[in-house]
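Enquirer: Shown below is the structure under consideration.
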Amino acid sequence: MLDIQLLRKDLATVVARLATRGYPLDAPRFEALENERKDIQTRTQDLQAQRNTLSKQIGMAKGKGIDASDLMQQVPAVNTALVDLEARLTIVQDAMQAFLEGIPNLPQAEVPVGKNEHDNVELRRWGEPRAFDFTPRDHVDLGEGLDLLDFPTAVKIATSRFALMRGDLARLHRALAQFMLDIHSGEHGYEEVYVPYLVNAEALRGTGQLPKFEEDLFKVGDNLYLIPTAEVPVTNIVAGEIIPVENLPIRLVAHTPCFRSEAGSYGRDTRGMIRQHQFDKVEMVQMVHPDDSSAALEELTGHAETILQRLGLPYRVMALCTGDTGFSAARTYDLEVWLPGQNAYREISSCSNFEAFQARRMQARFKNEAGKNEFIHTINGSGLAVGRCLVAVLENYQEADGSITLPEALRPYMRGVERLHADES
RNA sequence: GGAGAGGUGGCAGAGUGGUCGAAUGCACCGGAUUCGAAAUCCGGCACACGGUUUACCGUGUCGGGGGUUCGAAUCCCCCCUUCUCCGCCA
């Protein structure tokens with residue numbers, strides 16, 4: 001959520017900056033709501049002050065044993081007017097709140113202006129895509145060829161967009177998550193957390209998934225939703241808190257499954273594990289002093305890159321343009337890993353600075369140097385998407401016979417297994 | 001699942017219809033004392049919003065919502081939540 005003071009003070013600038021991300025802010029509506037609110041609120045407060053004064057006088061009179069019936073006769077008229085005004089005030093305030101919650105974050109000045117993913121800017125590349133002396137297969141052919149990846153059975157149990165992994169592939173999947181978690185918690189200074197996989201609407205509102213993106217979520221029962229990313233439970237750890245400034249920055253990492261309905265993505269990435277209803281992800285979250293958030297985003301992005309580098313997976317870093325930046329983010333870098341099976345770079349991590357956007361929704365603050373409560377900044381990023389990382393390992397490390405040579409870094413997690421290969425039989 | 005007890009400022013904890021946004025203690029900030037510190041003493045110290053604008057005035061907030069009343073932290077109803085005991089259970 002944006003600071004309403006910013007809209008009051010400099011509406012034109014806000015409109016212009018939001019326009020770069022393709023969001024048409026309804027300025028006349030804002031001004032109309034604001035004027036109505038101001039009018040009703042001042043009138044309401046005047047009446048409340050009148051009532052308070054009268055009641056206080058009645059109390060004083062009764063305390064002295066004086067008859068107060070004159071005063072008491074004056075109150076009902078005030079109250080009648082108040083009932084109406086207070087109701088109208090609530091309506092305007094709710095409308096304003098809903099209006100504000102629907103506005104996306106302002107992109108930072110450095111974000112390249114553009115319409116969609118085609119306008120994203122490549123910042124750097126790491127690693128050389130391997131030259132194959134055979135036609136590389138994609139992870140579906142590889143996994144099924146090894147009898148370790150099974151989509152039909154997953155469909156039988158659940159529905160499409162689910163996967164079943166077996167044996168050493170299931171183990172490799174677990175190894176990847178462990179490996180990532182160990183590096184972030186052991187080398188990058190993150191505290192590992194285990195969090196609920198079901199969250200309430202308030203938490204989702206805090207990080208910005210609700211109210212706008214309910215159709216992307218799986219709802220369970222009356223009040224709970226399966227998490228679409230660990231960002232939701234992890235970031236909300238600080239919701240409503242006033243954090244001692246010396247505790248900043250807070251760095252947290254969690255490995256969780258993520259659940260997405262993928263509404264509106266029919267026909268996209270229907271083959272394989274790229275786009276699933278359920279996938280695992282290791283997520284890094286930082287809560288920082290506002291002065292430090294830009295540096296923290298660079299740092300966190302580097303932490304995600306470290307994983308790809310240790311696994312020897314070629315990737316590039318993309319600066320998302322204004323039009324492709326997510327609702328809550330002020331700035332986002334995507335990491336795209338090279339997938340030989342698709343002959344393309346594909347997103348494997350998304351790292352964003354949300355500035356105070358989520359903190360304002362969550363009421364997550366710290367006491368600043370002046371002793372005033374101030375909103376923290378939040379940053380998060382995948383480090384990495386486990387399923388897509390598994391895909392990348394399979395495709396980049398495949399051999400001509402369909403076997404997979406495992407990267408050195410993972411071998412300690414694979415009880416000595418160095419290759420995935422089909423049974424001899 | 002059954003029974004009971006609670007949710008008040010950063011924390012602890014008073015307050016059961018009227019000058020209560022709320023005693024007291026701790027923590028914190030400023031000052032005195034001290035060579036300095038501890039201890040002690042004095043003072044300050046919730047948040048949000050609105051109006052005016054450095055001072056100021058007003059409104060709202062005592063888990064959330066609704067009700068009674070001229071007036072609610074205090075009475076009534078509903079919900080959420082925490083704790084204790086019993087049962088069950090990975």
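Note on naming: chains are A, B, ... as they come in the structure tokens, residues start from 1 per chain, ligands start from 1 in the order shown.
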With only C-alpha atoms (C1' of nucleotides) considered, list every residue of chain A at most 9 Å from chain B, as a ChimeraX atom specification.
Expert: /A:38,41-42,44-46,48-49,51-52,54-60,62-63,71-76,242
Enquirer: Apply DSSP to the backbone of this structure and, from segment 132-290 of chain A, keep only the residues in alpha helix (DSSP H); write these as a ChimeraX atom specification.
Expert: /A:139-145,151-157,167-186,201-207,231-235
Enquirer: Can you pull out the residues contacting His277 of chain A? Cut-off 7 Å, using only C-alpha atoms (C1' of nucleotides), and skip same-chain residues under 6 positions away; I want them as a count of residues only.
Expert: 6
Enquirer: Neighbouring residues of segment 193-201 of chain A were defined as those with any atom within 10 Å, considering only C-alpha atoms (C1' of nucleotides); residues of the same chain fewer than 5 positions away were excluded. Please report them as a VMD selection string.
Expert: chain A and resid 185 206 209 to 211 214 218 to 220 222 to 230 232 to 234 236 to 237 252 to 259
Enquirer: With N, CA and C atoms retained, write the just-selected residues as a PDB file, in the first residue's frame.
Expert:
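Result file is again-v8.pdb:
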```pdb
ATOM      1  N   SER A 185      21.684 -20.589   5.301  1.00  0.00           N
ATOM      2  CA  SER A 185      21.728 -20.495   6.768  1.00  0.00           C
ATOM      3  C   SER A 185      23.163 -20.564   7.273  1.00  0.00           C
ATOM      4  N   GLY A 206      -1.477  -8.729   3.866  1.00  0.00           N
ATOM      5  CA  GLY A 206      -0.254  -8.059   4.289  1.00  0.00           C
ATOM      6  C   GLY A 206       0.836  -8.068   3.230  1.00  0.00           C
ATOM      7  N   GLN A 209      -1.059 -10.338  -1.787  1.00  0.00           N
ATOM      8  CA  GLN A 209      -1.746 -11.303  -2.661  1.00  0.00           C
ATOM      9  C   GLN A 209      -3.252 -11.056  -2.662  1.00  0.00           C
ATOM     10  N   LEU A 210      -3.763 -10.613  -1.540  1.00  0.00           N
ATOM     11  CA  LEU A 210      -5.173 -10.259  -1.439  1.00  0.00           C
ATOM     12  C   LEU A 210      -5.269  -8.736  -1.279  1.00  0.00           C
ATOM     13  N   PRO A 211      -6.352  -8.134  -1.691  1.00  0.00           N
ATOM     14  CA  PRO A 211      -7.559  -8.761  -2.238  1.00  0.00           C
ATOM     15  C   PRO A 211      -7.516  -9.024  -3.741  1.00  0.00           C
ATOM     16  N   GLU A 214      -6.947 -13.279  -5.586  1.00  0.00           N
ATOM     17  CA  GLU A 214      -7.517 -14.455  -4.931  1.00  0.00           C
ATOM     18  C   GLU A 214      -7.613 -15.648  -5.875  1.00  0.00           C
ATOM     19  N   PHE A 218      -5.253 -21.365  -3.742  1.00  0.00           N
ATOM     20  CA  PHE A 218      -6.132 -22.459  -3.343  1.00  0.00           C
ATOM     21  C   PHE A 218      -6.682 -22.139  -1.963  1.00  0.00           C
ATOM     22  N   LYS A 219      -7.996 -22.138  -1.855  1.00  0.00           N
ATOM     23  CA  LYS A 219      -8.620 -21.840  -0.574  1.00  0.00           C
ATOM     24  C   LYS A 219      -9.009 -23.142   0.101  1.00  0.00           C
ATOM     25  N   VAL A 220      -8.804 -23.197   1.412  1.00  0.00           N
ATOM     26  CA  VAL A 220      -9.095 -24.399   2.186  1.00  0.00           C
ATOM     27  C   VAL A 220     -10.048 -24.015   3.304  1.00  0.00           C
ATOM     28  N   ASP A 222     -13.015 -22.269   5.369  1.00  0.00           N
ATOM     29  CA  ASP A 222     -13.607 -20.940   5.323  1.00  0.00           C
ATOM     30  C   ASP A 222     -12.568 -19.833   5.264  1.00  0.00           C
ATOM     31  N   ASN A 223     -11.459 -20.029   5.945  1.00  0.00           N
ATOM     32  CA  ASN A 223     -10.580 -18.899   6.201  1.00  0.00           C
ATOM     33  C   ASN A 223      -9.130 -19.085   5.827  1.00  0.00           C
ATOM     34  N   LEU A 224      -8.781 -20.265   5.357  1.00  0.00           N
ATOM     35  CA  LEU A 224      -7.360 -20.510   5.122  1.00  0.00           C
ATOM     36  C   LEU A 224      -7.055 -20.722   3.645  1.00  0.00           C
ATOM     37  N   TYR A 225      -5.832 -20.396   3.319  1.00  0.00           N
ATOM     38  CA  TYR A 225      -5.348 -20.573   1.955  1.00  0.00           C
ATOM     39  C   TYR A 225      -4.015 -21.319   2.002  1.00  0.00           C
ATOM     40  N   LEU A 226      -3.774 -22.176   1.015  1.00  0.00           N
ATOM     41  CA  LEU A 226      -2.457 -22.774   0.856  1.00  0.00           C
ATOM     42  C   LEU A 226      -1.500 -21.673   0.402  1.00  0.00           C
ATOM     43  N   ILE A 227      -0.304 -21.666   0.942  1.00  0.00           N
ATOM     44  CA  ILE A 227       0.616 -20.583   0.595  1.00  0.00           C
ATOM     45  C   ILE A 227       1.069 -20.692  -0.862  1.00  0.00           C
ATOM     46  N   PRO A 228       1.097 -19.569  -1.568  1.00  0.00           N
ATOM     47  CA  PRO A 228       1.604 -19.565  -2.941  1.00  0.00           C
ATOM     48  C   PRO A 228       3.123 -19.397  -2.949  1.00  0.00           C
ATOM     49  N   THR A 229       3.676 -18.995  -1.824  1.00  0.00           N
ATOM     50  CA  THR A 229       5.110 -18.809  -1.643  1.00  0.00           C
ATOM     51  C   THR A 229       5.355 -18.637  -0.150  1.00  0.00           C
ATOM     52  N   ALA A 230       6.565 -19.015   0.293  1.00  0.00           N
ATOM     53  CA  ALA A 230       6.902 -18.860   1.712  1.00  0.00           C
ATOM     54  C   ALA A 230       6.986 -17.392   2.105  1.00  0.00           C
ATOM     55  N   VAL A 232       4.774 -15.326   2.119  1.00  0.00           N
ATOM     56  CA  VAL A 232       3.600 -14.916   2.897  1.00  0.00           C
ATOM     57  C   VAL A 232       3.772 -15.224   4.388  1.00  0.00           C
ATOM     58  N   PRO A 233       3.974 -16.485   4.778  1.00  0.00           N
ATOM     59  CA  PRO A 233       4.146 -16.715   6.216  1.00  0.00           C
ATOM     60  C   PRO A 233       5.421 -16.093   6.777  1.00  0.00           C
ATOM     61  N   VAL A 234       6.507 -16.114   6.038  1.00  0.00           N
ATOM     62  CA  VAL A 234       7.777 -15.630   6.586  1.00  0.00           C
ATOM     63  C   VAL A 234       7.742 -14.106   6.783  1.00  0.00           C
ATOM     64  N   ASN A 236       5.183 -12.214   7.131  1.00  0.00           N
ATOM     65  CA  ASN A 236       4.189 -11.845   8.137  1.00  0.00           C
ATOM     66  C   ASN A 236       4.623 -12.154   9.569  1.00  0.00           C
ATOM     67  N   ILE A 237       5.766 -12.776   9.722  1.00  0.00           N
ATOM     68  CA  ILE A 237       6.290 -12.990  11.074  1.00  0.00           C
ATOM     69  C   ILE A 237       6.391 -11.652  11.801  1.00  0.00           C
ATOM     70  N   LEU A 252      15.754 -14.230   7.058  1.00  0.00           N
ATOM     71  CA  LEU A 252      15.108 -15.513   7.295  1.00  0.00           C
ATOM     72  C   LEU A 252      15.069 -16.334   6.010  1.00  0.00           C
ATOM     73  N   VAL A 253      15.183 -17.635   6.168  1.00  0.00           N
ATOM     74  CA  VAL A 253      15.078 -18.517   5.007  1.00  0.00           C
ATOM     75  C   VAL A 253      14.193 -19.699   5.360  1.00  0.00           C
ATOM     76  N   ALA A 254      13.368 -20.107   4.416  1.00  0.00           N
ATOM     77  CA  ALA A 254      12.466 -21.235   4.655  1.00  0.00           C
ATOM     78  C   ALA A 254      12.350 -22.078   3.400  1.00  0.00           C
ATOM     79  N   HIS A 255      12.215 -23.356   3.609  1.00  0.00           N
ATOM     80  CA  HIS A 255      11.919 -24.280   2.511  1.00  0.00           C
ATOM     81  C   HIS A 255      10.478 -24.727   2.683  1.00  0.00           C
ATOM     82  N   THR A 256       9.645 -24.451   1.680  1.00  0.00           N
ATOM     83  CA  THR A 256       8.241 -24.854   1.782  1.00  0.00           C
ATOM     84  C   THR A 256       7.744 -25.317   0.422  1.00  0.00           C
ATOM     85  N   PRO A 257       6.666 -26.079   0.443  1.00  0.00           N
ATOM     86  CA  PRO A 257       5.941 -26.266  -0.808  1.00  0.00           C
ATOM     87  C   PRO A 257       5.160 -24.985  -1.114  1.00  0.00           C
ATOM     88  N   CYS A 258       4.860 -24.767  -2.365  1.00  0.00           N
ATOM     89  CA  CYS A 258       4.078 -23.611  -2.783  1.00  0.00           C
ATOM     90  C   CYS A 258       2.940 -24.116  -3.655  1.00  0.00           C
ATOM     91  N   PHE A 259       1.785 -23.497  -3.503  1.00  0.00           N
ATOM     92  CA  PHE A 259       0.606 -23.960  -4.229  1.00  0.00           C
ATOM     93  C   PHE A 259      -0.007 -22.813  -5.027  1.00  0.00           C
TER      94      PHE A 259
END
```
Enquirer: Find the residues near G87 of chain B: any atom within 12 Å, counting only C-alpha atoms (C1' of nucleotides), skip ones fewer than 4 places away on the same chain, and give them as a ChimeraX atom specification.
Expert: /B:1-3
Enquirer: So that I have them on file, write out the residues from the current selection with N, CA and C atoms (P, O5', C5', C4', C3', O3' and C1' of nucleotides), as an mmCIF file, in the first residue's frame.
Expert:
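And here is the file that came out, out24.cif:
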```cif
data_model
loop_
_atom_site.group_PDB
_atom_site.id
_atom_site.type_symbol
_atom_site.label_atom_id
_atom_site.label_comp_id
_atom_site.auth_asym_id
_atom_site.auth_seq_id
_atom_site.Cartn_x
_atom_site.Cartn_y
_atom_site.Cartn_z
ATOM 1 P P G B 1 -13.439 -29.317 18.651
ATOM 2 O "O5'" G B 1 -14.005 -30.378 19.662
ATOM 3 C "C5'" G B 1 -15.285 -30.976 19.490
ATOM 4 C "C4'" G B 1 -15.484 -31.913 20.645
ATOM 5 C "C3'" G B 1 -15.652 -31.234 22.003
ATOM 6 O "O3'" G B 1 -16.987 -30.787 22.202
ATOM 7 C "C1'" G B 1 -14.062 -32.979 22.198
ATOM 8 P P G B 2 -17.239 -29.490 23.123
ATOM 9 O "O5'" G B 2 -16.977 -30.042 24.594
ATOM 10 C "C5'" G B 2 -17.888 -30.952 25.181
ATOM 11 C "C4'" G B 2 -17.473 -31.231 26.608
ATOM 12 C "C3'" G B 2 -17.287 -30.013 27.491
ATOM 13 O "O3'" G B 2 -18.498 -29.514 28.008
ATOM 14 C "C1'" G B 2 -15.440 -31.459 27.755
ATOM 15 P P A B 3 -18.614 -27.938 28.342
ATOM 16 O "O5'" A B 3 -17.664 -27.775 29.612
ATOM 17 C "C5'" A B 3 -18.030 -28.355 30.858
ATOM 18 C "C4'" A B 3 -16.992 -28.062 31.902
ATOM 19 C "C3'" A B 3 -16.623 -26.595 32.087
ATOM 20 O "O3'" A B 3 -17.567 -25.859 32.840
ATOM 21 C "C1'" A B 3 -14.657 -27.880 32.011
#
```
Enquirer: What's the separation between atom CA of Arg124 of chain A and atom CA of Ala319 of chain A, in Å to one decimal place?
Expert: 9.7 Å
Enquirer: Could you state the separation of atom C1' of C41 of chain B and atom C1' of A12 of chain B in Å, given to one decimal place?
Expert: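 Spanning atom C1' of C41 of chain B to atom C1' of A12 of chain B is a straight-line distance of 23.9 Å.
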Enquirer: Would you please extract all strand (DSSP E or B) residues from segment 38-227 of chain A, as assigned by DSSP on the backbone, and give them as a PyMOL selection string?
Expert: chain A and resi 121-126+149-150+164-165+191-192+198-200+219-220+224-226
Enquirer: As an exercise, work out the distance from atom CA of Ala175 of chain A to atom CA of Gly312 of chain A in Å and give it to one decimal place.
Expert: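 Taking atom CA of Ala175 of chain A as the start and atom CA of Gly312 of chain A as the end point, the length is 15.6 Å.
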Enquirer: Hey, what's within 12 Å of C79 of chain B if we count only C-alpha atoms (C1' of nucleotides) and toss same-chain stuff fewer than 6 positions away? As a ChimeraX atom specification, please?
Expert: /B:63-66
Enquirer: Fewer than 5 positions away in the same chain doesn't count, so skip those; otherwise give me all residues within 12 Å of U24 of chain B, counting only C-alpha atoms (C1' of nucleotides), as a PyMOL selection string.
Expert: chain B and resi 12-15
Enquirer: Can you write just those residues out, N, CA and C atoms (P, O5', C5', C4', C3', O3' and C1' of nucleotides), as a PDB file, in the first residue's frame?
Expert:
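File produced: result_21.pdb:
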```
ATOM      1  P     A B  12       3.556  -8.721  29.503  1.00  0.00           P
ATOM      2  O5'   A B  12       3.711  -8.303  31.041  1.00  0.00           O
ATOM      3  C5'   A B  12       4.481  -9.118  31.918  1.00  0.00           C
ATOM      4  C4'   A B  12       4.537  -8.488  33.290  1.00  0.00           C
ATOM      5  C3'   A B  12       3.208  -8.353  34.029  1.00  0.00           C
ATOM      6  O3'   A B  12       2.816  -9.563  34.649  1.00  0.00           O
ATOM      7  C1'   A B  12       4.448  -6.361  34.244  1.00  0.00           C
ATOM      8  P     G B  13       1.264  -9.873  34.859  1.00  0.00           P
ATOM      9  O5'   G B  13       0.709  -8.587  35.618  1.00  0.00           O
ATOM     10  C5'   G B  13       0.945  -8.401  37.006  1.00  0.00           C
ATOM     11  C4'   G B  13       0.403  -7.065  37.450  1.00  0.00           C
ATOM     12  C3'   G B  13      -1.103  -6.893  37.307  1.00  0.00           C
ATOM     13  O3'   G B  13      -1.790  -7.455  38.427  1.00  0.00           O
ATOM     14  C1'   G B  13      -0.007  -4.999  36.423  1.00  0.00           C
ATOM     15  P     A B  14      -3.393  -7.346  38.517  1.00  0.00           P
ATOM     16  O5'   A B  14      -3.566  -5.856  39.066  1.00  0.00           O
ATOM     17  C5'   A B  14      -4.846  -5.297  39.141  1.00  0.00           C
ATOM     18  C4'   A B  14      -4.743  -3.918  39.755  1.00  0.00           C
ATOM     19  C3'   A B  14      -6.058  -3.150  39.714  1.00  0.00           C
ATOM     20  O3'   A B  14      -6.861  -3.480  40.831  1.00  0.00           O
ATOM     21  C1'   A B  14      -4.301  -1.777  38.911  1.00  0.00           C
ATOM     22  P     G B  15      -8.267  -4.133  40.600  1.00  0.00           P
ATOM     23  O5'   G B  15      -9.063  -2.950  39.902  1.00  0.00           O
ATOM     24  C5'   G B  15      -9.243  -1.710  40.592  1.00  0.00           C
ATOM     25  C4'   G B  15      -9.462  -0.599  39.608  1.00  0.00           C
ATOM     26  C3'   G B  15     -10.703  -0.721  38.733  1.00  0.00           C
ATOM     27  O3'   G B  15     -11.859  -0.276  39.418  1.00  0.00           O
ATOM     28  C1'   G B  15      -8.857  -0.058  37.414  1.00  0.00           C
TER      29        G B  15
END
```
Enquirer: Taking only C-alpha atoms into account, which of A:Val393, A:Leu410, A:Ala359, A:Ile379 comes nearest Met1 of chain A?
Expert: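 Of all the options, A:Ala359 lies closest to Met1 of chain A.
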